[in-house]
Every structure is written in C-alpha cells, then in structure tokens.
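Asker: Hey, dropping upload.txt in here, compact mmCIF, N, CA and C atoms:
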```
# COMPACT_ATOMS: atom_id res chain seq x y z
N MET W 1 117.12 84.65 91.02
CA MET W 1 115.91 85.44 90.91
C MET W 1 114.70 84.53 91.13
N MET W 2 113.69 85.08 91.79
CA MET W 2 112.47 84.33 92.04
C MET W 2 111.69 84.19 90.74
N LYS W 3 111.11 83.03 90.54
CA LYS W 3 110.30 82.74 89.35
C LYS W 3 108.83 82.79 89.69
N CYS W 4 108.02 83.06 88.69
CA CYS W 4 106.57 83.08 88.86
C CYS W 4 106.06 81.67 89.13
N TYR W 5 105.34 81.51 90.22
CA TYR W 5 104.82 80.21 90.61
C TYR W 5 103.82 79.67 89.58
N ASP W 6 102.90 80.53 89.14
CA ASP W 6 101.87 80.09 88.19
C ASP W 6 102.48 79.69 86.84
N CYS W 7 103.48 80.43 86.38
CA CYS W 7 104.16 80.08 85.13
C CYS W 7 104.89 78.75 85.29
N ALA W 8 105.53 78.54 86.44
CA ALA W 8 106.26 77.30 86.68
C ALA W 8 105.33 76.10 86.61
N GLU W 9 104.10 76.26 87.10
CA GLU W 9 103.12 75.17 87.00
C GLU W 9 102.77 74.85 85.55
N GLN W 10 102.95 75.84 84.66
CA GLN W 10 102.68 75.65 83.23
C GLN W 10 103.94 75.25 82.47
N GLY W 11 105.04 75.05 83.18
CA GLY W 11 106.29 74.64 82.55
C GLY W 11 107.10 75.77 81.96
N LYS W 12 106.79 77.02 82.33
CA LYS W 12 107.53 78.17 81.81
C LYS W 12 108.38 78.76 82.94
N GLU W 13 109.49 79.39 82.55
CA GLU W 13 110.34 80.07 83.52
C GLU W 13 110.27 81.56 83.26
N VAL W 14 109.52 82.27 84.10
CA VAL W 14 109.35 83.72 83.98
C VAL W 14 109.69 84.33 85.33
N GLU W 15 110.46 85.41 85.33
CA GLU W 15 110.83 86.05 86.58
C GLU W 15 109.62 86.70 87.25
N ALA W 16 109.56 86.58 88.57
CA ALA W 16 108.49 87.20 89.34
C ALA W 16 108.77 88.69 89.50
N SER W 17 107.72 89.47 89.47
CA SER W 17 107.86 90.91 89.68
C SER W 17 107.04 91.39 90.88
N ALA W 18 106.33 90.46 91.53
CA ALA W 18 105.52 90.80 92.70
C ALA W 18 105.36 89.54 93.56
N VAL W 19 104.93 89.75 94.79
CA VAL W 19 104.66 88.65 95.72
C VAL W 19 103.25 88.82 96.25
N CYS W 20 102.48 87.75 96.24
CA CYS W 20 101.11 87.79 96.76
C CYS W 20 101.16 88.07 98.26
N ILE W 21 100.38 89.06 98.72
CA ILE W 21 100.39 89.44 100.14
C ILE W 21 99.70 88.41 101.01
N VAL W 22 98.94 87.48 100.41
CA VAL W 22 98.22 86.49 101.19
C VAL W 22 99.01 85.19 101.31
N CYS W 23 99.39 84.60 100.18
CA CYS W 23 100.05 83.29 100.21
C CYS W 23 101.56 83.35 99.99
N GLY W 24 102.09 84.48 99.51
CA GLY W 24 103.52 84.64 99.35
C GLY W 24 104.10 84.11 98.05
N LYS W 25 103.25 83.70 97.10
CA LYS W 25 103.76 83.22 95.81
C LYS W 25 104.41 84.35 95.03
N GLY W 26 105.52 84.02 94.34
CA GLY W 26 106.10 84.96 93.40
C GLY W 26 105.24 84.99 92.15
N LEU W 27 105.02 86.18 91.59
CA LEU W 27 104.11 86.32 90.45
C LEU W 27 104.70 87.24 89.39
N CYS W 28 104.48 86.89 88.11
CA CYS W 28 104.87 87.77 87.02
C CYS W 28 103.74 88.77 86.76
N VAL W 29 103.97 89.71 85.84
CA VAL W 29 102.96 90.74 85.58
C VAL W 29 101.67 90.17 85.01
N ASP W 30 101.72 88.99 84.41
CA ASP W 30 100.50 88.39 83.86
C ASP W 30 99.66 87.68 84.91
N HIS W 31 100.25 87.42 86.08
CA HIS W 31 99.54 86.60 87.07
C HIS W 31 99.23 87.30 88.39
N PHE W 32 99.38 88.61 88.47
CA PHE W 32 98.98 89.28 89.71
C PHE W 32 97.89 90.30 89.46
N LYS W 33 97.14 90.57 90.51
CA LYS W 33 96.13 91.63 90.49
C LYS W 33 96.58 92.68 91.51
N GLU W 34 96.48 93.95 91.12
CA GLU W 34 96.81 95.03 92.05
C GLU W 34 95.55 95.43 92.78
N VAL W 35 95.63 95.46 94.09
CA VAL W 35 94.51 95.81 94.94
C VAL W 35 94.89 97.05 95.73
N LYS W 36 94.08 98.09 95.65
CA LYS W 36 94.34 99.32 96.42
C LYS W 36 93.59 99.20 97.75
N LEU W 37 94.34 99.11 98.82
CA LEU W 37 93.72 99.03 100.13
C LEU W 37 93.60 100.43 100.72
N PRO W 38 92.46 100.75 101.32
CA PRO W 38 92.29 102.09 101.90
C PRO W 38 93.22 102.29 103.08
N VAL W 39 93.72 103.51 103.22
CA VAL W 39 94.61 103.86 104.32
C VAL W 39 94.03 105.06 105.06
N SER W 40 93.95 104.93 106.38
CA SER W 40 93.46 106.02 107.22
C SER W 40 94.59 106.47 108.13
N VAL W 41 94.60 107.76 108.44
CA VAL W 41 95.61 108.30 109.36
C VAL W 41 94.91 109.11 110.44
N GLY W 42 95.57 109.22 111.58
CA GLY W 42 95.00 109.98 112.68
C GLY W 42 94.29 109.10 113.68
N LYS W 43 93.70 109.75 114.66
CA LYS W 43 92.95 109.05 115.69
C LYS W 43 91.54 109.62 115.73
N PRO W 44 90.54 108.77 116.03
CA PRO W 44 89.19 109.29 116.13
C PRO W 44 89.12 110.41 117.15
N PRO W 45 88.40 111.44 116.95
CA PRO W 45 87.43 111.67 115.87
C PRO W 45 88.04 112.32 114.63
N GLU W 46 89.36 112.59 114.61
CA GLU W 46 89.99 113.22 113.45
C GLU W 46 90.61 112.20 112.51
N LEU W 47 89.95 111.12 112.25
CA LEU W 47 90.43 110.08 111.36
C LEU W 47 90.18 110.50 109.92
N LYS W 48 91.24 110.49 109.09
CA LYS W 48 91.10 110.87 107.69
C LYS W 48 91.55 109.72 106.80
N ARG W 49 90.84 109.53 105.71
CA ARG W 49 91.23 108.52 104.73
C ARG W 49 92.06 109.20 103.66
N LEU W 50 93.22 108.62 103.34
CA LEU W 50 94.07 109.17 102.29
C LEU W 50 93.42 108.98 100.93
N HIS W 51 93.70 109.91 100.00
CA HIS W 51 93.09 109.85 98.67
C HIS W 51 93.53 108.61 97.90
N LYS W 52 94.81 108.29 97.97
CA LYS W 52 95.31 107.13 97.25
C LYS W 52 95.40 105.95 98.21
N GLY W 53 94.95 104.79 97.73
CA GLY W 53 95.08 103.59 98.55
C GLY W 53 96.50 103.05 98.47
N LEU W 54 96.81 102.14 99.34
CA LEU W 54 98.12 101.50 99.36
C LEU W 54 98.08 100.30 98.42
N PRO W 55 98.94 100.27 97.39
CA PRO W 55 98.87 99.16 96.44
C PRO W 55 99.43 97.86 97.04
N HIS W 56 98.71 96.80 96.85
CA HIS W 56 99.14 95.45 97.24
C HIS W 56 98.89 94.54 96.05
N PHE W 57 99.60 93.42 96.02
CA PHE W 57 99.47 92.48 94.91
C PHE W 57 98.97 91.15 95.43
N MET W 58 98.07 90.54 94.65
CA MET W 58 97.50 89.24 95.01
C MET W 58 97.49 88.34 93.79
N CYS W 59 97.63 87.03 94.04
CA CYS W 59 97.50 86.06 92.95
C CYS W 59 96.01 85.91 92.63
N ASP W 60 95.72 85.34 91.48
CA ASP W 60 94.32 85.17 91.07
C ASP W 60 93.53 84.33 92.07
N TYR W 61 94.16 83.25 92.57
CA TYR W 61 93.46 82.36 93.50
C TYR W 61 93.07 83.10 94.78
N CYS W 62 94.02 83.79 95.39
CA CYS W 62 93.72 84.50 96.64
C CYS W 62 92.74 85.64 96.41
N PHE W 63 92.88 86.34 95.30
CA PHE W 63 91.96 87.43 94.98
C PHE W 63 90.54 86.89 94.84
N ASP W 64 90.38 85.83 94.06
CA ASP W 64 89.05 85.24 93.86
C ASP W 64 88.47 84.71 95.16
N THR W 65 89.30 84.10 96.00
CA THR W 65 88.84 83.56 97.27
C THR W 65 88.43 84.67 98.21
N MET W 66 89.23 85.73 98.28
CA MET W 66 88.92 86.85 99.18
C MET W 66 87.63 87.55 98.75
N VAL W 67 87.48 87.80 97.47
CA VAL W 67 86.29 88.48 96.97
C VAL W 67 85.07 87.59 97.20
N GLU W 68 85.19 86.30 96.92
CA GLU W 68 84.09 85.37 97.10
C GLU W 68 83.69 85.30 98.58
N ASP W 69 84.68 85.20 99.47
CA ASP W 69 84.39 85.12 100.91
C ASP W 69 83.81 86.41 101.45
N SER W 70 84.16 87.52 100.84
CA SER W 70 83.66 88.83 101.31
C SER W 70 82.17 89.01 101.09
N PHE W 71 81.62 88.29 100.12
CA PHE W 71 80.21 88.46 99.79
C PHE W 71 79.35 87.28 100.20
N ASP W 72 79.89 86.36 100.99
CA ASP W 72 79.10 85.21 101.47
C ASP W 72 78.26 85.61 102.65
```
Can I see the file as structure tokens?
Answerer:
Amino acid sequence: MMKCYDCAEQGKEVEASAVCIVCGKGLCVDHFKEVKLPVSVGKPPELKRLHKGLPHFMCDYCFDTMVEDSFD
C-alpha cells in the first residue's frame, strides 16, 4: 500500500488515500486539499457549466504554490 509522503517525512507510516494531481505524492486525509475544478460540456455557443465541479486532490505545497501563482 502507498504511504503518505508528508507523514513519512515526519517519521510516521500512514496509508495514502489520495494522490496529488500536480506532483503525484501519496497523501493521507490529513495532508490533502480537495479542489473542485469547473467542468463545461458542449461546444460554443451552447457551452454549459455543470453544477458540480470535478473533485481533485492536491498536497498543501502544490495548493499553496498554485494559489500564490494565480494571484501574482
């Protein structure tokens, strides 16, 4: 079973329950953030956005970096 990368750095062995979509690290429930990405279907001009976003998981480092870079 894959172990949480962040926990391993702290000397703990915890099973991963998600994988970061950016860097690919295995993450436990304490170390991932769920990000809802918008999903659109159809072709212009009939492009529609779905009500629910597509859930993706990111580690804290990638999440913080992406959010920080988005507002620079």
Asker: Return as a VMD selection string the full set of residues in chain W whose backbone-based DSSP assignment is alpha helix (DSSP H).
Answerer: chain W and resid 5 to 9 60 to 70
Asker: Figure out the distance between atom CA of Phe32 of chain W and atom CA of Glu9 of chain W, please, to one decimal in Å.
Answerer: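 These atoms are spaced 15.0 Å apart.
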Asker: Looking only at the backbone, which of the residues in chain W does DSSP tag as strand (DSSP E or B), as a PyMOL selection string?
Answerer: chain W and resi 3+15+18-19+26-27+32-37+40-41+48-49+54-59
Asker: Report the distance between atom CA of Lys36 of chain W and atom C of Cys7 of chain W in Å, rounded to one decimal place.
Answerer: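 That distance, rounded to one decimal, is 25.7 Å.
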Asker: Report, as JSON, the axis-aligned box around all atoms of segment 26-30 of chain W present in the file, extended by 8 Å on each side; give centre and edge lengths in Å to one decimal place.
Answerer:
```
{"center_x": 102.9, "center_y": 87.4, "center_z": 89.1, "size_x": 22.4, "size_y": 22.7, "size_z": 26.5}
```
Asker: Any idea what the distance is between atom C of Phe57 of chain W and atom CA of Val39 of chain W?
Answerer: 16.1 Å
Asker: Would you kindly return, as a JSON list (two decimals) with N, CA and C atoms, in the frame of the given file, each protein, DNA or RNA residue with an atom no farther than 6 Å from any atom of segment 12-14 of chain W, considering only N, CA and C atoms and excluding same-chain residues fewer than 4 positions away?
Answerer:
```json
[["chain", "number", "residue", "atom", "x", "y", "z"],
["W", 2, "MET", "N", 113.69, 85.08, 91.79],
["W", 2, "MET", "CA", 112.47, 84.33, 92.04],
["W", 2, "MET", "C", 111.69, 84.19, 90.74],
["W", 3, "LYS", "N", 111.11, 83.03, 90.54],
["W", 3, "LYS", "CA", 110.30, 82.74, 89.35],
["W", 3, "LYS", "C", 108.83, 82.79, 89.69],
["W", 4, "CYS", "N", 108.02, 83.06, 88.69],
["W", 4, "CYS", "CA", 106.57, 83.08, 88.86],
["W", 4, "CYS", "C", 106.06, 81.67, 89.13],
["W", 7, "CYS", "N", 103.48, 80.43, 86.38],
["W", 7, "CYS", "CA", 104.16, 80.08, 85.13],
["W", 7, "CYS", "C", 104.89, 78.75, 85.29],
["W", 8, "ALA", "N", 105.53, 78.54, 86.44],
["W", 8, "ALA", "CA", 106.26, 77.30, 86.68],
["W", 8, "ALA", "C", 105.33, 76.10, 86.61]]
```
Asker: With only N, CA and C atoms as the basis for distance, which of W:Cys62, W:Ala16, W:Val41, W:Leu47 is at the shortest distance from Met1 of chain W?
Answerer: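 Once distances to Met1 of chain W are computed over only N, CA and C atoms, the minimum belongs to W:Ala16.
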Asker: What lies within 12 Å of segment 49-54 of chain W using only C-alpha atoms, ignoring chain neighbours under 4 positions off, as a PyMOL selection string?
Answerer: chain W and resi 34-44
Asker: Those residues with N, CA and C atoms, as a CSV table (one decimal), keeping the file's coordinate frame please?
Answerer:
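See part24.csv below for the written result:
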```csv
chain,number,residue,atom,x,y,z
W,34,GLU,N,96.5,94.0,91.1
W,34,GLU,CA,96.8,95.0,92.0
W,34,GLU,C,95.6,95.4,92.8
W,35,VAL,N,95.6,95.5,94.1
W,35,VAL,CA,94.5,95.8,94.9
W,35,VAL,C,94.9,97.0,95.7
W,36,LYS,N,94.1,98.1,95.6
W,36,LYS,CA,94.3,99.3,96.4
W,36,LYS,C,93.6,99.2,97.8
W,37,LEU,N,94.3,99.1,98.8
W,37,LEU,CA,93.7,99.0,100.1
W,37,LEU,C,93.6,100.4,100.7
W,38,PRO,N,92.5,100.8,101.3
W,38,PRO,CA,92.3,102.1,101.9
W,38,PRO,C,93.2,102.3,103.1
W,39,VAL,N,93.7,103.5,103.2
W,39,VAL,CA,94.6,103.9,104.3
W,39,VAL,C,94.0,105.1,105.1
W,40,SER,N,94.0,104.9,106.4
W,40,SER,CA,93.5,106.0,107.2
W,40,SER,C,94.6,106.5,108.1
W,41,VAL,N,94.6,107.8,108.4
W,41,VAL,CA,95.6,108.3,109.4
W,41,VAL,C,94.9,109.1,110.4
W,42,GLY,N,95.6,109.2,111.6
W,42,GLY,CA,95.0,110.0,112.7
W,42,GLY,C,94.3,109.1,113.7
W,43,LYS,N,93.7,109.8,114.7
W,43,LYS,CA,93.0,109.0,115.7
W,43,LYS,C,91.5,109.6,115.7
W,44,PRO,N,90.5,108.8,116.0
W,44,PRO,CA,89.2,109.3,116.1
W,44,PRO,C,89.1,110.4,117.2
```
Asker: Which residue out of W:Ser17, W:Leu27, W:Pro45, W:Val22 has the minimum interatomic distance to Asp64 of chain W when only C-alpha atoms are used?
Answerer: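 Of all the options, W:Val22 lies closest to Asp64 of chain W.
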